[in-house]
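The next block holds one structure in the form of structure tokens; read it before the comments.
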Amino acid sequence: MFYCAISGEPPQDPVVSQKSGKVYERRLIVKYINENGTDPITGDKLEEADLIAIKASPETAPPRPPTHTSIPALLHLFQNEWDAQVLATYSLQQQLHATRQELSYALYSQDAARRVIARLIRERDAAREALGNVQASMGIIPAATNGEDVEMEEGGAVEGALPANIVAQIDETHQALSSVRKKRKPAAGYATSAELKEFKPTHTIPSLHSASPAGITALALSQANPTQFLTGGNDKSIQLYDKATDKVLATLKGHTKKINHVAFREREGENTILLSAGADKIAKAWAHDAASGEYIPKATIRTHKGELSGLAVHPTSSFFVLSSTDKTYSLHDVSTFSQIFRSGPSEEAFTGLSVHPDGCLIGLGTPTSTIQIYDIRTGAIAASLAPPEGSPFTVNTLSFSENGYHLLAPNSLSTVAVWDLRKQKSTHTINLGDDFKINKVLYDTSAQFLGVAGSHGARIFAHKTWDELLRLDEGGEVSDFTFGEQGKEIWGATGREVRIWGV
């Protein structure tokens with residue numbers, strides 16, 4: 001065992017002086033040489049080069065401090081550590097007890113608040129019911145509310161009670177549109193099949209909605225302002241975006257679960273209304289305020305008891321349609337947001353919705369592979385379409401063609417069918433591959449093209465020839481898509497991005 005001649009302790013890095021033969025700790029003797037230049041024992045001139053390192057073999061760990069070299073000293077050390085652990089445990093138990101008390105007080109306060117809120121809601125509902133009874137007995141029609149966000153609860157008209165003025169509007173729209181159905185042709189300058197084949201990605205709008213939970217679930221394109229679009233997401237919010245300025249014009253919140261559908265209601269001379277339907281069983285409406293330039297909440301509709309599976313604005317633009325997994329659909333006025341009709345319960349839940357371009361029919365998908373076609377004026381089933389027997393699947397999306405003769409809908413888990421409504425049978429089936437999961441089907445406004453979006457992108461086909469014109473798979477899964485103005489663009493939602501394809 002060596003001891004340093006300066007410190008008197010075992011050296012960690014021992015060296016020996018050639019002048020005195022003494023052993024030193026290297027760091028101490030080097031510091032002494034730098035300050036004095038001599039050997040601390042003999043006083044002879046000494047340089048660092050005169051130091052010889054002592055190589056131990058084998059190299060052992062440094063010796064323990066003297067306090068750790070005896071059994072009593074070790075027992076004393078262990079006792080101190082044990083005491084410290086016991087004190088720390090006691091402190092933690094005290095903190096845990098205090099936290100539990102705070103939590104119990106908070107839970108008690110929350111429960112009391114909930115009871116008070118529930119009582120107030122019951123009193124409010126009772127007051128509303130009493131007021132409604134008084135108004136009904138006096139023949140007073142409640143005036144439309146111009147306030148902020150009006151709660152529209154379950155109730156209102158039921159099956160068979162569609163108001164006469166609404167029926168008249170539907171018939172008028174039907175006659176006006178159906179009279180020119182056979183003459184409907186693509187507008188001048190509308191995209192052709194040859195142009196669609198040349199479509200390439202032209203623009204990508206990234207990072208829409210929150211990153212957690214991520215994903216756009218619904219997409220709608222404005223007809224009045226073709227650069228503006230509306231998206232709904234898994235993050236329970238709706239965003240209005242302007243591609244021309246690359247800015248989010250509005251972020252609208254109020255849903256408590258993901259958004260299933262969004263839509264614009266646009267009519268010349270009236271404010272634009274934004275509509276949404278969510279998995280939280282509610283629909284919401286926002287109206288554009290010309291004074292502030294913002295969208296303000298106008299109504300929250302709680303008509304249905306199940307998740308909302310469909311949302312569409314009727315061709316009259318005076319009301320919109322909702323479908324739900326509670327086996328009913330409903331119509332709502334866009335001026336007062338009041339319910340004007342609700343169907344009686346069906347035998348099956350409704351999982352998809354589309355309104356006929358002439359306005360008299362609505363198509364409703366079901367989880368049992370069938371499609372129910374309803375006459376919107378009477379609420380009666382006009383037709384029931386069922387594919388050949390096979391594995392059951394959910395019809396979560398469907399689309400009428402613009403000429404009103406055909407209906408596009410899933411025909412199985414990985415195929416889509418084109419139904420001829422005049423013959424009430426499928427005229428063609430398009431196979432998309434066994435691993436293709438269908439998210440959306442859509443006809444364009446010219447009835448020349450039809451598209452299918454799903455787990456492997458989107459595909460565009462030519463109506464009648466059924467040729468595949470285009471595959472849009474750059475962004476992976478496409479949750480929703482729509483055709484742009486004059487068919488010159490295709491907009492699709494992929495993840496948190498909106499991609500645009502065009503010439």
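Letters A, B, ... go to the chains of the structure tokens in the order shown; residues in each chain start at 1; ligands are counted from 1 in the same order.
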| request: Within 12 Å of Leu249 of chain A, counting only C-alpha atoms, which residues show up once you throw out same-chain ones fewer than 6 positions away? Write them as a ChimeraX atom specification, please. | output: /A:227-231,238-243,288,293-295
| task | With a distance cut-off of 10 Å and only C-alpha atoms, select the neighbouring residues of Ser412 of chain A, excluding the residue or stretch itself and same-chain residues fewer than 6 positions from it, and output the selection as a PyMOL selection string. | result | chain A and resi 369+387-395+429+431+434+437-438
| field | Shell of 9 Å around Ser309 of chain A, only C-alpha atoms, local chain residues under 4 positions omitted, as a PyMOL selection string | value | chain A and resi 260-261+277-279+322-325+350-353+396
Write the selection just made, keeping C-alpha atoms, as a PDB file, in the first residue's frame?
```
ATOM      1  CA  ASN A 260     -68.918  12.912 -39.647  1.00  0.00           C
ATOM      2  CA  HIS A 261     -70.243  15.380 -42.252  1.00  0.00           C
ATOM      3  CA  ALA A 277     -73.087  16.565 -38.093  1.00  0.00           C
ATOM      4  CA  GLY A 278     -71.077  14.555 -35.593  1.00  0.00           C
ATOM      5  CA  ALA A 279     -70.687  11.256 -33.838  1.00  0.00           C
ATOM      6  CA  LEU A 322     -80.141  14.478 -41.248  1.00  0.00           C
ATOM      7  CA  SER A 323     -79.953  10.705 -40.912  1.00  0.00           C
ATOM      8  CA  SER A 324     -79.045   8.780 -37.789  1.00  0.00           C
ATOM      9  CA  THR A 325     -78.250   5.353 -36.472  1.00  0.00           C
ATOM     10  CA  PHE A 350     -79.450   4.514 -41.215  1.00  0.00           C
ATOM     11  CA  THR A 351     -75.719   4.640 -41.996  1.00  0.00           C
ATOM     12  CA  GLY A 352     -75.583   6.815 -45.127  1.00  0.00           C
ATOM     13  CA  LEU A 353     -77.627   9.533 -46.852  1.00  0.00           C
ATOM     14  CA  ASN A 396     -72.017   4.022 -45.364  1.00  0.00           C
TER      15      ASN A 396
END
```
| said: When you look at Ile205 of chain A with a cut-off of 9 Å (counting only C-alpha atoms), what residues show up, excluding the ones that are within fewer than 2 positions of it in the same chain? I need them as a list in words. | reply: His203, Ser207, Leu208, Lys243, Asp246, Arg496, Glu497, Val498, Arg499 and Ile500 of chain A
For N, CA and C atoms, I'd like the residues from the last selection saved as a PDB file, in the first residue's frame.
```
ATOM      1  N   HIS A 203     -51.672  20.983 -55.805  1.00  0.00           N
ATOM      2  CA  HIS A 203     -51.565  21.792 -54.579  1.00  0.00           C
ATOM      3  C   HIS A 203     -51.862  20.904 -53.375  1.00  0.00           C
ATOM      4  N   SER A 207     -51.188  20.175 -42.592  1.00  0.00           N
ATOM      5  CA  SER A 207     -51.315  20.511 -41.161  1.00  0.00           C
ATOM      6  C   SER A 207     -52.638  21.175 -40.806  1.00  0.00           C
ATOM      7  N   LEU A 208     -53.733  20.632 -41.330  1.00  0.00           N
ATOM      8  CA  LEU A 208     -55.050  21.114 -40.932  1.00  0.00           C
ATOM      9  C   LEU A 208     -55.511  20.343 -39.691  1.00  0.00           C
ATOM     10  N   LYS A 243     -58.124  28.706 -50.035  1.00  0.00           N
ATOM     11  CA  LYS A 243     -56.900  28.339 -50.748  1.00  0.00           C
ATOM     12  C   LYS A 243     -56.227  29.548 -51.386  1.00  0.00           C
ATOM     13  N   ASP A 246     -54.407  31.024 -48.532  1.00  0.00           N
ATOM     14  CA  ASP A 246     -53.741  30.034 -47.675  1.00  0.00           C
ATOM     15  C   ASP A 246     -53.923  30.369 -46.200  1.00  0.00           C
ATOM     16  N   ARG A 496     -54.100  14.717 -42.454  1.00  0.00           N
ATOM     17  CA  ARG A 496     -54.344  16.106 -42.061  1.00  0.00           C
ATOM     18  C   ARG A 496     -54.197  17.045 -43.252  1.00  0.00           C
ATOM     19  N   GLU A 497     -54.138  16.508 -44.462  1.00  0.00           N
ATOM     20  CA  GLU A 497     -53.923  17.319 -45.655  1.00  0.00           C
ATOM     21  C   GLU A 497     -55.148  17.318 -46.552  1.00  0.00           C
ATOM     22  N   VAL A 498     -55.294  18.396 -47.296  1.00  0.00           N
ATOM     23  CA  VAL A 498     -56.244  18.439 -48.408  1.00  0.00           C
ATOM     24  C   VAL A 498     -55.413  18.559 -49.678  1.00  0.00           C
ATOM     25  N   ARG A 499     -55.561  17.579 -50.549  1.00  0.00           N
ATOM     26  CA  ARG A 499     -54.795  17.558 -51.801  1.00  0.00           C
ATOM     27  C   ARG A 499     -55.715  17.913 -52.969  1.00  0.00           C
ATOM     28  N   ILE A 500     -55.147  18.590 -53.934  1.00  0.00           N
ATOM     29  CA  ILE A 500     -55.908  19.004 -55.124  1.00  0.00           C
ATOM     30  C   ILE A 500     -55.195  18.443 -56.336  1.00  0.00           C
TER      31      ILE A 500
END
```
| Backbone-only DSSP, strand (DSSP E or B) members of segment 232-432 of chain A, as a ChimeraX atom specification | /A:232-233,238-242,247-252,259-265,273-278,283-288,295-301,308-313,319-324,329-333,339-342,352-355,361-365,371-375,380-385,399-400,406-410,415-420,425-431
| Close residues, segment 471-475 of chain A itself excluded, 10 Å, only C-alpha atoms, min 5 positions apart in chain, as a list in words |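 Once the nearby chain positions are removed, what remains is Lys197, Phe199, Lys200, Pro201, Thr204, Gly451, Val452, Ala453, Gly454, Ser455, His456, Gly457, Ala458, Arg459, Ile460, Phe461, Ile490, Gly492, Ala493, Thr494, Gly495, Glu497, Val498, Arg499, Ile500 and Trp501 of chain A.
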| task | Work out how far atom CA of Ala283 of chain A is from atom CA of Ala168 of chain A, in Å to one decimal. | result |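 The value is 25.9 Å.
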| message | I'd like the neighbourhood of Gly363 of chain A as an MDAnalysis selection string, where a residue qualifies if any of its atoms comes within 10 Å (using only C-alpha atoms), though same-chain residues fewer than 5 positions away should be ignored. | response | chainID A and resid 350 352:356 371:376 381:385 397:400 407 409
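Between atom CA of Lys253 of chain A and atom CA of Val321 of chain A lies a distance of 21.2 Å.
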| Which residue of A:Lys440, A:Arg122, A:Lys488, A:His314 approaches Leu361 of chain A most closely, using only C-alpha atoms |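 The shortest atom-to-atom distance to Leu361 of chain A comes from A:His314.
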| request: Record the distance separating atom CA of Gly487 of chain A and atom CA of Thr173 of chain A, expressed in Å with one decimal. | output: 24.5 Å
| remark: The residue from A:Asp289, A:Asp235, A:Asp358, A:Asp83 with the smallest atom-to-atom distance to Asp171 of chain A, counting only C-alpha atoms, is A:Asp358
| request: Can you work out which one of A:Thr370, A:Asn271, A:Ile71, A:Ala220 has the shortest atom-to-atom distance to Leu311 of chain A, counting only C-alpha atoms? | output: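 Nearest to Leu311 of chain A: A:Ala220.
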Residues within 8 Å of His428 of chain A, only C-alpha atoms, excluding chain neighbours under 5 positions, as a PDB file with N, CA, C and O atoms, in the first residue's frame:
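Saved as result.pdb:
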```pdb
ATOM      1  N   ALA A 417     -71.633  -0.595 -56.866  1.00  0.00           N
ATOM      2  CA  ALA A 417     -72.613  -0.914 -57.897  1.00  0.00           C
ATOM      3  C   ALA A 417     -73.286   0.362 -58.382  1.00  0.00           C
ATOM      4  O   ALA A 417     -73.465   1.319 -57.615  1.00  0.00           O
ATOM      5  N   VAL A 418     -73.645   0.381 -59.646  1.00  0.00           N
ATOM      6  CA  VAL A 418     -74.444   1.452 -60.228  1.00  0.00           C
ATOM      7  C   VAL A 418     -75.853   0.903 -60.413  1.00  0.00           C
ATOM      8  O   VAL A 418     -76.069  -0.032 -61.192  1.00  0.00           O
ATOM      9  N   TRP A 419     -76.799   1.490 -59.665  1.00  0.00           N
ATOM     10  CA  TRP A 419     -78.187   1.033 -59.719  1.00  0.00           C
ATOM     11  C   TRP A 419     -78.973   1.900 -60.690  1.00  0.00           C
ATOM     12  O   TRP A 419     -78.862   3.123 -60.670  1.00  0.00           O
TER      13      TRP A 419
END
```
| request: From the DSSP assignment of the backbone, select every residue of segment 101-292 of chain A that is helix (DSSP H, G or I), and format the answer as number ranges by chain. | output: A: 101-138, 164-178, 193-197
Next, write the just-selected residues to a file, as a JSON list (two decimals), in the first residue's frame, keeping C-alpha atoms as the atom set.
```
[["chain", "number", "residue", "atom", "x", "y", "z"],
["A", 101, "GLN", "CA", -58.86, 14.59, 1.09],
["A", 102, "GLU", "CA", -58.59, 17.27, -1.62],
["A", 103, "LEU", "CA", -59.86, 14.79, -4.22],
["A", 104, "SER", "CA", -62.83, 13.78, -2.08],
["A", 105, "TYR", "CA", -63.75, 17.45, -1.57],
["A", 106, "ALA", "CA", -63.48, 18.10, -5.32],
["A", 107, "LEU", "CA", -65.63, 15.07, -6.20],
["A", 108, "TYR", "CA", -68.24, 16.09, -3.65],
["A", 109, "SER", "CA", -68.34, 19.63, -5.08],
["A", 110, "GLN", "CA", -68.62, 18.30, -8.63],
["A", 111, "ASP", "CA", -71.44, 15.93, -7.70],
["A", 112, "ALA", "CA", -73.29, 18.76, -5.97],
["A", 113, "ALA", "CA", -72.82, 21.00, -9.03],
["A", 114, "ARG", "CA", -74.15, 18.28, -11.32],
["A", 115, "ARG", "CA", -77.22, 17.81, -9.15],
["A", 116, "VAL", "CA", -77.90, 21.55, -9.23],
["A", 117, "ILE", "CA", -77.43, 21.65, -13.03],
["A", 118, "ALA", "CA", -79.74, 18.66, -13.51],
["A", 119, "ARG", "CA", -82.40, 20.32, -11.36],
["A", 120, "LEU", "CA", -82.10, 23.57, -13.30],
["A", 121, "ILE", "CA", -82.37, 21.72, -16.62],
["A", 122, "ARG", "CA", -85.53, 19.95, -15.42],
["A", 123, "GLU", "CA", -87.01, 23.25, -14.31],
["A", 124, "ARG", "CA", -86.06, 24.86, -17.65],
["A", 125, "ASP", "CA", -87.63, 22.02, -19.62],
["A", 126, "ALA", "CA", -90.77, 22.19, -17.50],
["A", 127, "ALA", "CA", -90.99, 25.95, -18.07],
["A", 128, "ARG", "CA", -90.52, 25.48, -21.83],
["A", 129, "GLU", "CA", -93.21, 22.81, -21.90],
["A", 130, "ALA", "CA", -95.59, 25.03, -19.93],
["A", 131, "LEU", "CA", -94.89, 27.95, -22.23],
["A", 132, "GLY", "CA", -95.43, 25.75, -25.28],
["A", 133, "ASN", "CA", -98.76, 24.55, -23.90],
["A", 134, "VAL", "CA", -99.87, 28.14, -23.25],
["A", 135, "GLN", "CA", -98.81, 29.22, -26.75],
["A", 136, "ALA", "CA", -100.55, 26.22, -28.30],
["A", 137, "SER", "CA", -103.74, 26.94, -26.38],
["A", 138, "MET", "CA", -103.64, 30.58, -27.53],
["A", 164, "ALA", "CA", -98.06, 21.77, -46.89],
["A", 165, "ASN", "CA", -95.83, 24.71, -47.76],
["A", 166, "ILE", "CA", -92.74, 22.45, -47.63],
["A", 167, "VAL", "CA", -94.46, 19.88, -49.85],
["A", 168, "ALA", "CA", -95.33, 22.68, -52.29],
["A", 169, "GLN", "CA", -91.69, 23.80, -52.38],
["A", 170, "ILE", "CA", -90.52, 20.25, -53.00],
["A", 171, "ASP", "CA", -93.06, 19.72, -55.80],
["A", 172, "GLU", "CA", -92.15, 23.02, -57.42],
["A", 173, "THR", "CA", -88.43, 22.20, -57.33],
["A", 174, "HIS", "CA", -89.10, 18.70, -58.60],
["A", 175, "GLN", "CA", -91.13, 19.93, -61.57],
["A", 176, "ALA", "CA", -88.56, 22.58, -62.45],
["A", 177, "LEU", "CA", -85.62, 20.18, -62.34],
["A", 178, "SER", "CA", -87.19, 17.00, -63.68],
["A", 193, "SER", "CA", -62.35, 12.18, -69.95],
["A", 194, "ALA", "CA", -59.13, 12.95, -71.80],
["A", 195, "GLU", "CA", -58.42, 15.86, -69.45],
["A", 196, "LEU", "CA", -59.12, 13.79, -66.34],
["A", 197, "LYS", "CA", -56.55, 11.22, -67.44]]
```
| task | Using only C-alpha atoms, pick whichever of A:Leu219, A:Leu450, A:Val16, A:Leu364 has the shortest atom-to-atom distance to Asp39 of chain A. | result |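 Residue with the minimum atom-to-atom distance to Asp39 of chain A: A:Val16.
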